[in-house]
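Coordinates from structure37.txt are shown below (compact mmCIF, C-alpha atoms).
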# COMPACT_ATOMS: atom_id res chain seq x y z
CA ILE F 63 0.00 0.00 0.00
CA LEU F 64 1.34 3.39 -1.01
CA PHE F 65 -0.13 6.56 0.47
CA GLU F 66 0.57 9.85 -1.27
CA GLN F 67 -0.55 13.38 -0.54
CA ARG F 68 -0.50 15.60 -3.62
CA ASP F 69 -1.37 19.10 -4.72
CA TYR F 70 -4.21 19.49 -7.24
CA ASP F 71 -1.86 21.10 -9.75
CA GLU F 72 0.66 18.26 -9.53
CA PRO F 73 0.40 15.72 -12.35
CA LEU F 74 0.13 12.01 -11.56
CA PRO F 75 1.78 9.28 -13.60
CA PRO F 76 -0.75 7.72 -16.00
CA GLN F 77 -2.26 4.37 -15.05
CA SER F 78 -0.19 4.15 -11.88
CA PHE F 79 -2.81 3.53 -9.17
CA SER F 80 -5.30 0.69 -8.69
CA VAL F 81 -7.23 2.71 -6.08
CA ILE F 82 -7.36 6.45 -5.42
CA VAL F 83 -9.15 7.75 -2.32
CA ALA F 84 -10.07 11.44 -2.05
CA VAL F 85 -11.39 12.27 1.42
CA GLU F 86 -12.96 15.69 2.00
CA SER F 87 -10.59 17.29 -0.46
CA LEU F 88 -12.18 17.65 -3.89
CA ALA F 89 -14.45 20.45 -2.71
CA HIS F 90 -11.28 22.54 -2.37
CA SER F 91 -10.05 21.93 -5.91
CA PRO F 92 -9.78 25.15 -7.92
CA ASN F 93 -10.88 23.22 -11.05
CA LEU F 94 -12.90 20.11 -10.21
CA SER F 95 -13.26 18.92 -13.80
CA HIS F 96 -9.49 19.04 -14.35
CA THR F 97 -8.77 17.34 -11.02
CA LEU F 98 -11.19 14.49 -11.78
CA GLN F 99 -9.60 14.03 -15.21
CA VAL F 100 -6.10 13.85 -13.64
CA LEU F 101 -7.32 11.26 -11.12
CA ALA F 102 -9.11 9.21 -13.78
CA ASN F 103 -5.99 9.18 -15.98
CA ALA F 104 -3.89 8.00 -13.04
CA LEU F 105 -6.08 4.94 -12.49
CA GLN F 106 -5.06 1.58 -13.86
CA LYS F 107 -7.61 -0.17 -16.09
CA GLY F 108 -10.46 -1.27 -13.83
CA GLY F 109 -9.17 0.98 -11.02
CA ILE F 110 -11.37 2.51 -8.34
CA LEU F 111 -11.79 6.19 -7.49
CA LEU F 112 -13.39 6.56 -4.04
CA ILE F 113 -14.63 10.05 -3.16
CA VAL F 114 -15.82 11.01 0.33
CA GLU F 115 -17.19 14.55 0.74
CA ASP F 116 -19.50 16.46 3.07
CA VAL F 117 -22.03 17.10 0.30
CA LEU F 118 -25.78 16.80 0.78
CA ALA F 119 -28.39 15.45 -1.60
CA PRO F 120 -30.06 18.11 -3.79
CA TRP F 121 -33.42 17.81 -2.01
CA VAL F 122 -32.07 18.76 1.45
CA SER F 123 -33.40 22.18 2.46
CA ASP F 124 -31.07 25.01 3.48
CA THR F 125 -32.53 24.91 7.00
CA ARG F 126 -31.86 21.17 7.31
CA ALA F 127 -28.35 21.66 5.92
CA GLN F 128 -27.64 24.29 8.59
CA ASP F 129 -29.02 22.00 11.32
CA LEU F 130 -26.87 19.09 10.12
CA ALA F 131 -23.76 21.27 9.86
CA HIS F 132 -24.29 22.53 13.40
CA ALA F 133 -24.82 18.99 14.73
CA LEU F 134 -21.63 17.81 13.00
CA GLY F 135 -19.61 20.81 14.16
CA LYS F 136 -19.05 21.93 10.55
CA PRO F 137 -19.16 25.57 9.45
CA SER F 138 -21.48 24.66 6.55
CA LEU F 139 -22.64 21.85 4.30
CA LYS F 140 -23.60 22.24 0.67
CA THR F 141 -25.94 20.27 -1.55
CA TYR F 142 -24.48 18.50 -4.57
CA ASP F 143 -25.84 21.24 -6.88
CA GLN F 144 -24.30 24.02 -4.77
CA TRP F 145 -20.97 22.19 -4.58
CA THR F 146 -20.70 21.51 -8.32
CA THR F 147 -21.75 25.06 -9.19
CA VAL F 148 -19.02 26.50 -6.97
CA THR F 149 -16.24 24.06 -7.90
CA THR F 150 -16.72 23.95 -11.66
CA SER F 151 -17.02 27.67 -12.33
In structure tokens, how does this file's structure come out?
Amino acid sequence: ILFEQRDYDEPLPPQSFSVIVAVESLAHSPNLSHTLQVLANALQKGGILLIVEDVLAPWVSDTRAQDLAHALGKPSLKTYDQWTTVTTS
């Protein structure tokens, strides 16, 4: 098992990983589409990209999102639509 921590602007060798895990990090990417392409290119054929983010389903109301964020001790939580709008623009 090899663990690496990388910057979003840093290229990864093509087809070099069987599994890539991104934990609560992609929401901070300055260009989500580019970052996902870099990660996909770095996967070996049949590889797995596992993404874990604090992103809520689109149907969660703003009030419920604030309640959940407070309960989890987070400053805020965004729905999927809010997250993708912010990270892909």
Exercise. Name all residues at most 12 Å from Glu66 (chain F) (count only C-alpha atoms; drop same-chain ones fewer than 3 positions away) and give them as a list in words.
Key: Ile63, Asp69, Glu72, Leu74, Phe79, Val81, Ile82, Val83 and Ala84 of chain F
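We find CA of Ser78 (chain F) and CA of Ala104 (chain F) to be spaced 5.5 Å apart.
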Quiz item: Which value, in Å to one decimal, gives the distance between CA of Leu88 (chain F) and CA of Leu101 (chain F)?
Solution: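 We find that CA of Leu88 (chain F) and CA of Leu101 (chain F) lie 10.8 Å from each other.
Note that CA of Ala89 (chain F) and CA of Val114 (chain F) are 10.0 Å apart.
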Quiz item: When distances are computed from all atoms listed in the file, which of F:Gln77, F:Gln67, F:Ser87, F:Ser138 shows the smallest separation from Leu112 (chain F)?
Solution: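 Looking at the shortest contact to Leu112 (chain F), the residue is F:Ser87.
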Contacts of Pro76 (chain F) at 12 Å or less, counting all atoms listed in the file, minus same-chain residues fewer than 3 places along, as a short mmCIF file (atom, residue, chain, number, x, y, z; two decimals) with C-alpha atoms, in the frame of the given file?
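Once everything was written out, this is result.cif:
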data_model
loop_
_atom_site.label_atom_id
_atom_site.label_comp_id
_atom_site.auth_asym_id
_atom_site.auth_seq_id
_atom_site.Cartn_x
_atom_site.Cartn_y
_atom_site.Cartn_z
CA PRO F 73 0.40 15.72 -12.35
CA PHE F 79 -2.81 3.53 -9.17
CA SER F 80 -5.30 0.69 -8.69
CA GLN F 99 -9.60 14.03 -15.21
CA VAL F 100 -6.10 13.85 -13.64
CA LEU F 101 -7.32 11.26 -11.12
CA ALA F 102 -9.11 9.21 -13.78
CA ASN F 103 -5.99 9.18 -15.98
CA ALA F 104 -3.89 8.00 -13.04
CA LEU F 105 -6.08 4.94 -12.49
CA GLN F 106 -5.06 1.58 -13.86
CA LYS F 107 -7.61 -0.17 -16.09
CA GLY F 109 -9.17 0.98 -11.02
#
Self-check item: Which residue of F:His90, F:Asp116, F:Leu64, F:Tyr70 approaches Ala131 (chain F) most closely, using all atoms listed in the file
Solution: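 For Ala131 (chain F), the nearest of the given residues is F:Asp116.
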